[in-house]
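The data block below is work13.txt; it holds compact mmCIF, C-alpha atoms.
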```txt
# COMPACT_ATOMS: atom_id res chain seq x y z
CA MET O 1188 38.34 -36.78 -37.44
CA SER O 1189 38.63 -35.09 -40.80
CA GLU O 1190 36.31 -35.73 -43.74
CA ASN O 1191 38.68 -38.00 -45.69
CA LYS O 1192 39.32 -40.16 -42.62
CA LEU O 1193 35.64 -41.03 -42.07
CA PRO O 1194 35.01 -44.77 -42.37
CA GLU O 1195 32.80 -46.22 -45.11
CA THR O 1196 30.17 -47.11 -42.53
CA ILE O 1197 28.87 -44.60 -40.03
CA ILE O 1198 26.89 -45.66 -36.96
CA PHE O 1199 23.70 -43.71 -36.31
CA ARG O 1200 22.77 -43.86 -32.64
CA ILE O 1201 19.12 -42.84 -32.52
CA ARG O 1202 16.83 -42.25 -29.58
CA ARG O 1203 13.60 -44.16 -30.12
CA LEU O 1204 10.32 -43.65 -28.32
CA ALA O 1205 6.80 -44.70 -29.16
CA PRO O 1206 4.86 -43.17 -26.24
CA ARG O 1207 1.85 -45.43 -26.76
CA ARG O 1208 3.99 -48.56 -26.54
CA ALA O 1209 6.77 -47.66 -24.12
CA GLU O 1210 7.29 -45.07 -21.43
CA GLU O 1211 11.07 -45.02 -21.49
CA PRO O 1212 13.10 -44.17 -24.59
CA THR O 1213 15.62 -46.66 -25.98
CA TRP O 1214 18.69 -46.16 -28.13
CA GLY O 1215 19.02 -47.95 -31.44
CA GLU O 1216 22.25 -48.29 -33.44
CA TYR O 1217 22.08 -48.40 -37.23
CA PRO O 1218 24.95 -48.75 -39.68
CA VAL O 1219 24.79 -46.37 -42.62
CA ALA O 1220 26.95 -46.49 -45.76
CA TYR O 1221 28.72 -43.14 -45.88
CA SER O 1222 29.28 -41.19 -49.05
CA LEU O 1223 30.79 -37.76 -49.51
CA GLY O 1224 28.27 -34.93 -49.10
CA MET O 1225 25.84 -37.07 -47.12
CA THR O 1226 23.65 -35.24 -44.64
CA VAL O 1227 22.18 -36.58 -41.40
CA LEU O 1228 18.78 -36.52 -43.10
CA ASP O 1229 20.15 -38.66 -45.95
CA GLY O 1230 21.37 -41.14 -43.34
CA LEU O 1231 17.93 -41.28 -41.73
CA TRP O 1232 16.32 -41.96 -45.10
CA GLN O 1233 18.81 -44.76 -45.71
CA ILE O 1234 17.91 -46.34 -42.36
CA LYS O 1235 14.18 -46.05 -43.09
CA GLU O 1236 14.53 -47.56 -46.56
CA ARG O 1237 17.00 -50.35 -45.74
CA VAL O 1238 17.03 -51.11 -42.02
CA ASP O 1239 13.99 -50.00 -40.03
CA SER O 1240 10.90 -48.60 -41.70
CA THR O 1241 9.30 -47.69 -38.36
CA LEU O 1242 11.75 -44.87 -37.67
CA ALA O 1243 9.85 -41.55 -37.55
CA TRP O 1244 11.02 -37.97 -38.05
CA ARG O 1245 9.69 -34.81 -39.64
CA ALA O 1246 11.21 -33.38 -42.83
CA SER O 1247 10.12 -31.70 -46.00
CA CYS O 1248 12.24 -29.42 -48.20
CA ARG O 1249 15.74 -30.95 -47.71
CA MET O 1250 17.34 -27.53 -48.20
CA GLY O 1251 17.14 -25.67 -44.90
CA ILE O 1252 14.07 -23.65 -45.81
CA CYS O 1253 11.05 -25.33 -44.23
CA GLY O 1254 12.43 -25.82 -40.70
CA SER O 1255 10.84 -29.25 -40.27
CA CYS O 1256 13.89 -31.40 -39.54
CA GLY O 1257 15.18 -29.78 -36.35
CA MET O 1258 16.93 -32.51 -34.33
CA PHE O 1259 19.42 -32.87 -31.51
CA ILE O 1260 22.50 -34.03 -33.42
CA ASN O 1261 25.68 -34.83 -31.49
CA GLY O 1262 24.44 -32.77 -28.56
CA GLN O 1263 23.36 -29.66 -30.44
CA PRO O 1264 20.07 -28.62 -32.04
CA ARG O 1265 20.57 -28.55 -35.82
CA LEU O 1266 18.68 -29.12 -39.05
CA GLY O 1267 19.11 -32.70 -40.27
CA CYS O 1268 19.16 -31.57 -43.90
CA ASN O 1269 21.67 -28.82 -43.25
CA THR O 1270 24.19 -30.92 -41.31
CA GLN O 1271 26.71 -32.91 -43.27
CA ILE O 1272 28.17 -35.97 -41.58
CA ALA O 1273 31.62 -34.84 -42.68
CA GLU O 1274 31.03 -31.56 -40.85
CA LEU O 1275 30.39 -33.49 -37.61
CA GLY O 1276 33.60 -35.44 -38.11
CA THR O 1277 32.58 -38.40 -35.94
CA SER O 1278 32.06 -42.03 -36.95
CA VAL O 1279 29.11 -42.25 -34.54
CA VAL O 1280 26.31 -39.77 -35.10
CA THR O 1281 23.95 -39.41 -32.14
CA VAL O 1282 20.47 -38.20 -33.03
CA ALA O 1283 17.69 -37.40 -30.54
CA PRO O 1284 14.51 -35.32 -30.70
CA LEU O 1285 14.75 -31.62 -29.86
CA PRO O 1286 14.87 -31.10 -26.08
CA ASN O 1287 12.33 -28.93 -24.21
CA PHE O 1288 9.35 -30.35 -26.14
CA PRO O 1289 7.04 -33.30 -25.56
CA ILE O 1290 7.79 -36.16 -27.95
CA ILE O 1291 5.20 -37.51 -30.34
CA ARG O 1292 7.38 -40.33 -31.57
CA ASP O 1293 11.10 -41.04 -32.11
CA LEU O 1294 12.55 -37.80 -33.54
CA VAL O 1295 9.22 -35.96 -33.85
CA PRO O 1296 8.76 -33.27 -31.18
CA ASP O 1297 5.38 -31.76 -30.42
CA LEU O 1298 5.92 -28.10 -31.35
CA ARG O 1299 2.45 -26.95 -30.33
CA PRO O 1300 3.60 -25.20 -27.11
CA MET O 1301 5.99 -23.05 -29.17
CA PHE O 1302 3.38 -22.21 -31.77
CA ASP O 1303 0.79 -21.43 -29.07
CA HIS O 1304 3.17 -18.77 -27.72
CA HIS O 1305 3.85 -17.63 -31.28
CA THR O 1306 0.13 -17.22 -32.01
CA ALA O 1307 -0.46 -15.36 -28.74
CA LEU O 1308 1.99 -12.66 -29.88
CA SER O 1309 0.10 -11.88 -33.11
CA PRO O 1310 3.02 -12.43 -35.49
CA TYR O 1311 1.62 -10.50 -38.43
CA ILE O 1312 1.15 -6.91 -39.58
CA ILE O 1313 -1.49 -5.21 -37.48
CA ARG O 1314 -2.89 -1.93 -38.72
CA HIS O 1315 -5.93 -0.05 -37.69
CA ASP O 1316 -6.84 1.30 -41.12
CA THR O 1317 -9.13 -1.65 -41.68
CA GLU O 1318 -10.44 -0.50 -45.05
CA GLU O 1319 -6.95 -0.50 -46.61
CA MET O 1320 -6.13 -3.85 -45.01
CA GLU O 1321 -9.31 -5.44 -46.34
CA ARG O 1322 -9.19 -3.83 -49.80
CA PRO O 1323 -5.61 -2.78 -50.50
CA THR O 1324 -5.18 0.01 -53.03
CA GLY O 1325 -1.38 0.17 -53.03
CA GLU O 1326 1.83 -0.66 -51.23
CA PHE O 1327 3.18 0.81 -48.01
CA TYR O 1328 6.43 2.68 -48.46
CA GLN O 1329 9.41 1.48 -46.43
CA SER O 1330 12.98 2.66 -46.79
CA THR O 1331 15.95 0.28 -46.92
CA GLU O 1332 17.11 1.53 -43.50
CA GLU O 1333 13.69 0.80 -42.02
CA MET O 1334 13.67 -2.67 -43.53
CA GLU O 1335 17.13 -3.45 -42.15
CA GLN O 1336 15.79 -2.97 -38.62
CA TYR O 1337 13.89 -6.25 -38.83
CA LEU O 1338 15.23 -8.02 -41.93
CA GLN O 1339 17.47 -10.59 -40.22
CA PHE O 1340 14.68 -11.53 -37.80
CA SER O 1341 12.39 -12.30 -40.73
CA TYR O 1342 14.74 -15.10 -41.87
CA CYS O 1343 13.44 -17.31 -39.05
CA ILE O 1344 12.07 -20.65 -40.31
CA LYS O 1345 10.46 -21.70 -36.99
CA CYS O 1346 12.59 -24.85 -36.73
CA ALA O 1347 12.57 -24.66 -32.90
CA CYS O 1348 16.35 -25.13 -32.60
CA CYS O 1349 16.53 -21.91 -30.53
CA ALA O 1350 13.87 -23.06 -28.07
CA ALA O 1351 15.61 -26.45 -27.77
CA ALA O 1352 18.85 -24.71 -26.82
CA CYS O 1353 17.27 -22.16 -24.46
CA PRO O 1354 17.96 -22.81 -20.74
CA THR O 1355 14.88 -20.81 -19.73
CA CYS O 1356 12.57 -22.79 -22.02
CA ALA O 1357 13.93 -25.94 -20.37
CA THR O 1358 12.14 -25.15 -17.12
CA ASP O 1359 9.67 -22.31 -17.64
CA SER O 1360 6.61 -23.20 -19.67
CA GLN O 1361 5.21 -19.65 -19.31
CA TYR O 1362 8.17 -18.09 -21.15
CA SER O 1363 7.34 -17.42 -24.80
CA GLY O 1364 10.76 -18.54 -25.97
CA PRO O 1365 13.26 -17.04 -28.43
CA MET O 1366 11.36 -17.76 -31.63
CA ALA O 1367 8.05 -16.21 -30.60
CA LEU O 1368 9.72 -13.18 -28.98
CA THR O 1369 11.95 -12.59 -31.99
CA GLN O 1370 8.93 -12.64 -34.26
CA ALA O 1371 7.07 -10.24 -31.98
CA HIS O 1372 10.08 -7.91 -32.14
CA ARG O 1373 10.27 -8.36 -35.91
CA TYR O 1374 6.72 -7.01 -36.27
CA ASN O 1375 7.07 -4.39 -33.53
CA THR O 1376 10.01 -2.97 -35.51
CA ASP O 1377 8.33 -3.09 -38.89
CA THR O 1378 7.20 0.41 -39.86
CA ARG O 1379 4.14 -1.01 -41.63
CA ASP O 1380 2.93 -2.43 -38.32
CA ASP O 1381 0.92 -0.61 -35.69
CA GLY O 1382 0.45 -3.48 -33.24
CA PHE O 1383 2.94 -2.63 -30.47
CA GLU O 1384 0.19 -1.90 -27.95
CA ASP O 1385 -1.73 -5.05 -28.96
CA ARG O 1386 1.29 -7.27 -28.29
CA GLN O 1387 2.14 -5.53 -25.02
CA GLU O 1388 -0.63 -7.35 -23.19
CA VAL O 1389 1.42 -10.56 -23.52
CA LEU O 1390 4.92 -9.05 -23.62
CA ASN O 1391 4.59 -7.07 -20.38
CA GLY O 1392 3.68 -10.17 -18.40
CA GLU O 1393 5.36 -13.45 -17.52
CA ALA O 1394 5.43 -14.65 -21.11
CA GLY O 1395 7.52 -11.64 -22.13
CA PRO O 1396 11.28 -11.30 -22.52
CA TRP O 1397 11.97 -10.73 -18.80
CA ARG O 1398 13.14 -14.25 -17.96
CA CYS O 1399 15.78 -14.30 -20.70
CA HIS O 1400 19.23 -14.79 -19.09
CA PHE O 1401 20.96 -13.80 -22.30
CA ALA O 1402 22.78 -17.13 -22.39
CA GLY O 1403 22.96 -16.59 -26.15
CA GLU O 1404 22.53 -20.27 -27.04
CA CYS O 1405 19.54 -19.45 -29.26
CA SER O 1406 21.72 -17.21 -31.42
CA ARG O 1407 24.56 -19.74 -31.50
CA VAL O 1408 22.48 -22.64 -32.77
CA CYS O 1409 20.19 -20.81 -35.22
CA PRO O 1410 20.75 -22.48 -38.61
CA LYS O 1411 19.64 -19.33 -40.45
CA GLY O 1412 21.99 -16.95 -38.66
CA VAL O 1413 19.17 -15.09 -36.91
CA ASP O 1414 20.13 -13.51 -33.59
CA PRO O 1415 17.15 -14.05 -31.25
CA GLY O 1416 19.26 -13.03 -28.24
CA LYS O 1417 19.71 -9.59 -29.78
CA ALA O 1418 16.01 -9.32 -30.64
CA ILE O 1419 15.06 -10.09 -27.04
CA GLN O 1420 17.48 -7.51 -25.61
CA LEU O 1421 16.25 -4.89 -28.09
CA MET O 1422 12.69 -5.75 -27.14
CA LYS O 1423 13.46 -5.32 -23.43
CA ARG O 1424 14.94 -1.91 -24.18
CA GLN O 1425 11.89 -0.95 -26.20
CA LEU O 1426 9.45 -2.07 -23.48
CA VAL O 1427 11.40 -0.38 -20.68
CA ALA O 1428 11.62 2.83 -22.73
CA ASP O 1429 7.87 2.61 -23.24
CA TYR O 1430 7.29 2.25 -19.47
CA VAL O 1431 9.40 5.30 -18.64
CA GLY O 1432 7.85 7.27 -21.52
CA LEU O 1433 11.01 7.44 -23.65
CA ARG O 1434 10.02 5.13 -26.48
CA LYS O 1435 10.38 6.73 -29.86
CA LYS O 1436 7.23 5.99 -31.80
CA LYS O 1437 8.11 4.85 -35.27
CA PRO O 1438 6.36 6.79 -38.02
CA LEU O 1439 3.79 4.47 -39.56
CA ALA O 1440 4.52 3.62 -43.18
CA GLN O 1441 2.25 5.48 -45.53
CA LEU O 1442 0.59 4.24 -48.66
CA ASN O 1443 2.68 4.64 -51.77
CA VAL O 1444 0.06 6.08 -54.05
CA LYS O 1445 0.21 4.93 -57.63
CA PRO O 1446 1.43 7.70 -59.91
CA LYS O 1447 -1.21 9.25 -62.13
CA ASP O 1448 -0.92 11.13 -65.43
CA ILE O 1449 1.75 8.81 -66.72
CA GLU O 1450 1.64 7.47 -70.24
CA ARG O 1451 2.54 3.89 -70.93
CA ARG O 1452 5.53 3.54 -73.21
CA GLU O 1453 5.13 1.67 -76.42
CA GLY O 1454 5.65 -2.08 -76.29
CA ILE O 1455 4.91 -2.47 -72.58
CA PRO O 1456 1.85 -4.69 -72.20
CA GLU O 1457 -1.04 -4.00 -69.85
CA ALA O 1458 -1.04 -5.85 -66.52
CA PRO O 1459 -3.31 -8.90 -66.60
CA GLU O 1460 -6.71 -8.65 -64.96
CA PRO O 1461 -6.73 -9.67 -61.27
CA THR O 1462 -7.60 -13.33 -60.87
CA VAL O 1463 -9.32 -12.71 -57.55
CA THR O 1464 -11.89 -9.97 -57.13
CA SER O 1465 -13.67 -8.99 -53.97
CA MET E 493 0.09 -8.00 -9.12
CA ILE E 494 2.49 -5.58 -10.84
CA ARG E 495 3.48 -6.74 -14.29
CA ASP E 496 6.98 -7.91 -15.15
CA GLN E 497 7.70 -4.95 -17.44
CA LYS E 498 7.50 -2.58 -14.46
CA LEU E 499 9.23 -4.92 -12.01
CA TRP E 500 12.10 -5.56 -14.40
CA THR E 501 12.55 -1.82 -15.04
CA TRP E 502 12.76 -1.19 -11.29
CA HIS E 503 15.10 -4.17 -10.98
CA ILE E 504 17.50 -2.53 -13.43
CA ALA E 505 17.09 0.88 -11.78
CA ALA E 506 17.85 -0.69 -8.39
CA GLY E 507 20.94 -2.34 -9.91
CA ILE E 508 22.22 1.02 -11.14
CA LEU E 509 21.56 2.59 -7.74
CA ILE E 510 23.41 -0.26 -6.00
CA LEU E 511 26.32 0.23 -8.39
CA CYS E 512 26.55 3.94 -7.47
CA LEU E 513 26.14 3.45 -3.72
CA LEU E 514 28.51 0.47 -3.59
CA GLY E 515 30.94 2.54 -5.62
CA LEU E 516 30.75 5.20 -2.94
CA HIS E 517 31.20 2.54 -0.25
CA MET E 518 34.27 1.14 -2.03
CA ALA E 519 35.72 4.62 -2.48
CA ILE E 520 35.27 5.41 1.22
CA MET E 521 36.50 2.07 2.52
CA HIS E 522 39.29 1.16 0.13
CA LEU E 523 40.53 4.39 -1.44
CA ASP E 524 40.87 6.27 1.84
CA ALA E 525 44.59 6.76 1.35
CA LEU E 526 43.97 8.40 -2.02
CA LEU E 527 40.68 10.22 -1.55
CA GLY E 528 40.15 10.45 2.20
CA LEU E 529 36.41 10.75 1.61
CA PHE E 530 34.14 11.06 4.67
CA ASN E 531 36.90 10.16 7.11
CA PRO E 532 37.03 13.44 9.05
CA PHE E 533 39.21 12.06 11.87
CA GLY E 534 41.77 10.38 9.65
CA GLY E 535 43.02 6.87 10.37
CA HIS E 536 41.05 3.85 9.19
CA PRO E 537 37.58 4.39 7.67
CA ILE E 538 36.01 1.94 10.14
CA ASP E 539 37.42 3.66 13.22
CA TRP E 540 34.56 4.48 15.58
CA GLN E 541 34.88 8.25 15.25
CA ASN E 542 34.69 8.11 11.46
CA VAL E 543 31.74 5.69 11.50
CA ALA E 544 29.91 7.86 14.03
CA ALA E 545 30.59 10.98 11.98
CA ARG E 546 29.12 9.35 8.87
CA SER E 547 26.08 8.08 10.78
CA GLN E 548 25.44 11.64 11.94
CA SER E 549 25.05 12.81 8.40
CA LEU E 550 21.61 12.97 6.81
CA PHE E 551 23.20 12.09 3.46
CA PHE E 552 24.45 8.77 4.85
CA LEU E 553 21.13 8.02 6.56
CA ALA E 554 19.42 8.47 3.21
CA SER E 555 22.05 6.46 1.33
CA TYR E 556 21.89 3.56 3.84
CA VAL E 557 18.10 3.37 3.54
CA LEU E 558 18.25 3.67 -0.25
CA LEU E 559 20.93 1.00 -0.53
CA LEU E 560 18.97 -1.32 1.74
CA GLY E 561 15.77 -0.84 -0.25
CA ALA E 562 17.50 -1.23 -3.60
CA ALA E 563 19.48 -4.30 -2.53
CA LEU E 564 16.42 -6.00 -1.03
CA PHE E 565 14.27 -5.33 -4.09
CA HIS E 566 17.01 -6.32 -6.53
CA GLY E 567 17.91 -9.50 -4.67
CA LEU E 568 14.41 -10.66 -3.83
CA TYR E 569 13.09 -9.99 -7.35
CA GLY E 570 16.02 -12.02 -8.69
CA LEU E 571 15.22 -14.82 -6.25
CA ARG E 572 11.56 -14.69 -7.32
CA ASN E 573 12.61 -15.07 -10.95
CA ILE E 574 14.75 -18.09 -10.11
CA LEU E 575 11.89 -19.70 -8.19
CA PHE E 576 9.39 -18.92 -10.96
CA GLU E 577 11.63 -20.65 -13.47
CA LEU E 578 10.98 -23.88 -11.63
CA ASP E 579 7.48 -23.52 -13.05
CA PRO E 580 5.39 -23.65 -9.86
CA ALA E 581 1.59 -23.64 -10.12
CA ALA E 582 -0.16 -20.24 -10.21
CA PRO E 583 -1.32 -20.28 -6.53
CA LEU E 584 2.19 -21.19 -5.40
CA LYS E 585 3.59 -18.32 -7.47
CA LYS E 586 1.24 -15.94 -5.70
CA SER E 587 2.29 -17.30 -2.31
CA ILE E 588 6.00 -17.01 -3.21
CA SER E 589 5.47 -13.37 -4.24
CA TRP E 590 3.68 -12.51 -1.00
CA VAL E 591 6.23 -14.28 1.19
CA LEU E 592 9.07 -12.41 -0.53
CA ILE E 593 7.21 -9.09 -0.24
CA LEU E 594 6.71 -9.66 3.50
CA ILE E 595 10.35 -10.71 4.01
CA GLY E 596 11.51 -7.67 2.05
CA LEU E 597 9.29 -5.25 3.93
CA GLY E 598 10.27 -6.79 7.29
CA LEU E 599 13.98 -6.53 6.60
CA PHE E 600 13.57 -3.01 5.22
CA VAL E 601 11.76 -1.83 8.34
CA VAL E 602 14.34 -3.41 10.68
CA GLY E 603 17.29 -2.07 8.67
CA SER E 604 15.83 1.42 8.31
CA TRP E 605 15.03 1.50 12.02
CA ALA E 606 18.66 0.55 12.79
CA ALA E 607 19.94 3.33 10.50
CA TRP E 608 17.53 5.85 12.07
CA MET E 609 18.44 4.86 15.63
CA SER E 610 22.10 5.12 14.81
CA PHE E 611 21.47 8.58 13.31
CA GLN E 612 19.57 9.70 16.41
CA ASN E 613 22.01 8.19 18.92
CA THR E 614 24.98 9.82 17.34
CA LEU E 615 23.11 13.12 17.44
CA VAL E 616 22.50 12.61 21.14
CA ALA E 617 26.11 11.55 21.70
```
Is it possible to express this structure as structure tokens?
Amino acid sequence: MSENKLPETIIFRIRRLAPRRAEEPTWGEYPVAYSLGMTVLDGLWQIKERVDSTLAWRASCRMGICGSCGMFINGQPRLGCNTQIAELGTSVVTVAPLPNFPIIRDLVPDLRPMFDHHTALSPYIIRHDTEEMERPTGEFYQSTEEMEQYLQFSYCIKCACCAAACPTCATDSQYSGPMALTQAHRYNTDTRDDGFEDRQEVLNGEAGPWRCHFAGECSRVCPKGVDPGKAIQLMKRQLVADYVGLRKKKPLAQLNVKPKDIERREGIPEAPEPTVTS
Amino acid sequence: MIRDQKLWTWHIAAGILILCLLGLHMAIMHLDALLGLFNPFGGHPIDWQNVAARSQSLFFLASYVLLLGAALFHGLYGLRNILFELDPAAPLKKSISWVLILIGLGLFVVGSWAAWMSFQNTLVA
């Protein structure tokens, strides 16, 4: 059904569950007045304001940045704010919580299992020059080519759409999942990071990338165009190369020392004093 | 227990080995008209004289044992992965691993013994 053929009223078919009150989910149908440019999230707001105020979901930015409104829309994990009803092209929009997660209520999944895996993989820059990390004196130099190695993986907004689409996550609770593994690879590839060995403790075991079937669903559904399937395959290659002693160690980014003996040109003001001092 | 990084690496290595050895098998069995590889008596590759001649060779004894080992490891590790994806409890995982190791070792011993006996018998014959 094309955009201009959509009826004035769209039916939202929503899976409802309040675990404290009922054990089995039910499906509710709600009519929503359609207008051009309307997103699924707009429809949910309309239902909450005009039809049923008890409907629960998670959302924040409304512009595909925060990753809060991941939902199972018409059989695919998507962001509610990033999915226009016209794009779906159906007069009935089916909305359910993201699969592969426990449900807190209605469309609100419990994402703690995913973030527990994420935390276990230390998704941040690890360096062993503690003094510089605690009291930075400059910036670490990184070339454009080095940045491009991980740039696309850093666009991840942790919306959990990839984990909801992953067939391995559906059954294996030990598997870290596409998001956490992609973030581990993102930092392993970053030349400012020296934490490869630290993350190996988790990556070499059952939680690592070894159970990935390369179904590629994670990459297909990612609303930010990140390719977690690629990150996981690259990570496997990196870990296997490390085991057989063929891993190329990346040169650790060095501090870009501030230039000295340079005179300030006229008219350029001094930098303001730091607002936080150690 | 050996960690998955090592097991997966060996899994891939076994896969490559299987590919090479099965390639050789296919070449011997199905491209005999073109290549005539290891069919010293002519005719069909599975004629008794040809089979016996191959069994007599140390190269084929080694390749049979290698193929058996690689196929058992590759297949049983794959099966273990499938079973582990059903998310069994940790003690059950350990039991599954040990059962598969014992099955693998048992089949490897029987298969290698068969290859060795065939090698020896053809020498005697």
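Of the listed residues O:Phe1401, O:Tyr1430, O:Tyr1374, O:Tyr1342, the one whose atoms come nearest to Gly1254 in chain O is O:Tyr1342, with distances taken using all atoms listed in the file.
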message: I need the residue nearest Gly598 in chain E from this list: E:Leu511, E:Leu560, E:Val543, E:Met518. Use only C-alpha atoms for the distance.
response: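 Of E:Leu511, E:Leu560, E:Val543, E:Met518, the one nearest Gly598 in chain E is E:Leu560, counting only C-alpha atoms.
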task: Compile the residues of chain O that lie within 8 Å of chain E, evaluated using all atoms listed in the file, and express the compilation as a count of residues only.
output: 15
message: One decimal, in Å: what's the spacing between CA of Gln1233 in chain O and CA of Leu1294 in chain O?
response: 15.4 Å
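Take CA of Thr1376 in chain O and CA of Ala1352 in chain O: the distance between them is 25.0 Å.
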message: Between CA of Gly1262 in chain O and CA of Trp1214 in chain O, what distance in Å does the model show, to one decimal?
response: 14.6 Å
query: If you count all atoms listed in the file, which residues fall within 10 Å of Leu550 in chain E, apart from same-chain ones fewer than 6 positions away, as a PyMOL selection string?
result: chain E and resi 556+608+611
- request: Find the residues around range 1217-1231 of chain O up to 8 Å (only C-alpha atoms counted), leave out those fewer than 3 positions away in its own chain, and share them as JSON, numbers by chain.
  value: {"O": [1194, 1195, 1196, 1197, 1198, 1199, 1200, 1201, 1234, 1235, 1238, 1249, 1256, 1267, 1268, 1269, 1270, 1271, 1272, 1273]}
message: List the spatial neighbours of range 528-542 of chain E as a list of chain:residue names - criterion: any atom at most 12 Å away, all atoms listed in the file, same-chain residues fewer than 2 positions off excluded.
response: E:Leu516, E:His517, E:Met518, E:Ala519, E:Ile520, E:Met521, E:His522, E:Leu523, E:Asp524, E:Ala525, E:Leu526, E:Ala544, E:Ala545, E:Arg546, E:Ser547, E:Gln548, E:Ser549, E:Phe551, E:Phe552, E:Thr614, E:Ala617
- request: Find the residues around Cys1346 in chain O up to 6 Å (all atoms listed in the file counted), leave out those fewer than 2 positions away in its own chain, and share them as a list in words.
  value: Gly1254, Ser1255, Gly1257, Ile1344 and Cys1348 of chain O
- prompt: Hey, what's within 12 Å of range 1403-1417 of chain O if we count only C-alpha atoms and toss same-chain stuff fewer than 5 positions away? As a PyMOL selection string, please?
  reply: chain O and resi 1250-1254+1256-1260+1262-1270+1336-1356+1364-1373+1396+1422-1424
task: Within 6 Å of (-4.7, -6.0, -32.7) (coordinates as in the file), grab all the protein and nucleic acid residues, counting all atoms listed in the file, and write them out as a PyMOL selection string.
output: chain O and resi 1313+1382+1385
Can you spit out the residues from that selection as a short mmCIF file (atom, residue, chain, number, x, y, z; two decimals), in the coordinates of the input, using C-alpha atoms?
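Wrote it out as selection09.cif, contents follow:
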```
data_model
loop_
_atom_site.label_atom_id
_atom_site.label_comp_id
_atom_site.auth_asym_id
_atom_site.auth_seq_id
_atom_site.Cartn_x
_atom_site.Cartn_y
_atom_site.Cartn_z
CA ILE O 1313 -1.49 -5.21 -37.48
CA GLY O 1382 0.45 -3.48 -33.24
CA ASP O 1385 -1.73 -5.05 -28.96
#
```
task: Dig up all the protein and nucleic acid residues within 12 Å of (18.4, -12.0, 0.1) in the file frame, using only C-alpha atoms, and format them as number ranges by chain.
output: E: 560-572, 592-593, 595-597, 599-600
Generate a file of the selected residues that holds C-alpha atoms, formatted as a tab-separated table (two decimals), keeping the file's coordinate frame.
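And here's part-v6.tsv as it stands now:
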```
chain	number	residue	atom	x	y	z
E	560	LEU	CA	18.97	-1.32	1.74
E	561	GLY	CA	15.77	-0.84	-0.25
E	562	ALA	CA	17.50	-1.23	-3.60
E	563	ALA	CA	19.48	-4.30	-2.53
E	564	LEU	CA	16.42	-6.00	-1.03
E	565	PHE	CA	14.27	-5.33	-4.09
E	566	HIS	CA	17.01	-6.32	-6.53
E	567	GLY	CA	17.91	-9.50	-4.67
E	568	LEU	CA	14.41	-10.66	-3.83
E	569	TYR	CA	13.09	-9.99	-7.35
E	570	GLY	CA	16.02	-12.02	-8.69
E	571	LEU	CA	15.22	-14.82	-6.25
E	572	ARG	CA	11.56	-14.69	-7.32
E	592	LEU	CA	9.07	-12.41	-0.53
E	593	ILE	CA	7.21	-9.09	-0.24
E	595	ILE	CA	10.35	-10.71	4.01
E	596	GLY	CA	11.51	-7.67	2.05
E	597	LEU	CA	9.29	-5.25	3.93
E	599	LEU	CA	13.98	-6.53	6.60
E	600	PHE	CA	13.57	-3.01	5.22
```
Can I get range 528-538 of chain E with N, CA and C atoms filled in, as a compact mmCIF listing (two decimals), keeping the file's coordinate frame?
```txt
# COMPACT_ATOMS: atom_id res chain seq x y z
N GLY E 528 40.46 9.98 0.85
CA GLY E 528 40.15 10.45 2.20
C GLY E 528 38.73 10.94 2.36
N LEU E 529 37.81 10.30 1.61
CA LEU E 529 36.41 10.75 1.61
C LEU E 529 35.70 10.38 2.91
N PHE E 530 34.99 11.29 3.49
CA PHE E 530 34.14 11.06 4.67
C PHE E 530 34.88 10.37 5.81
N ASN E 531 36.13 10.65 5.96
CA ASN E 531 36.90 10.16 7.11
C ASN E 531 37.48 11.38 7.83
N PRO E 532 36.60 12.14 8.51
CA PRO E 532 37.03 13.44 9.05
C PRO E 532 38.13 13.34 10.11
N PHE E 533 38.21 12.18 10.80
CA PHE E 533 39.21 12.06 11.87
C PHE E 533 40.48 11.35 11.44
N GLY E 534 40.58 11.08 10.14
CA GLY E 534 41.77 10.38 9.65
C GLY E 534 41.79 8.93 10.11
N GLY E 535 42.92 8.28 9.96
CA GLY E 535 43.02 6.87 10.37
C GLY E 535 42.22 5.97 9.44
N HIS E 536 41.78 4.83 10.01
CA HIS E 536 41.05 3.85 9.19
C HIS E 536 39.58 4.25 9.03
N PRO E 537 38.99 3.99 7.87
CA PRO E 537 37.58 4.39 7.67
C PRO E 537 36.60 3.75 8.64
N ILE E 538 36.97 2.55 9.21
CA ILE E 538 36.01 1.94 10.14
C ILE E 538 36.34 2.25 11.61
```
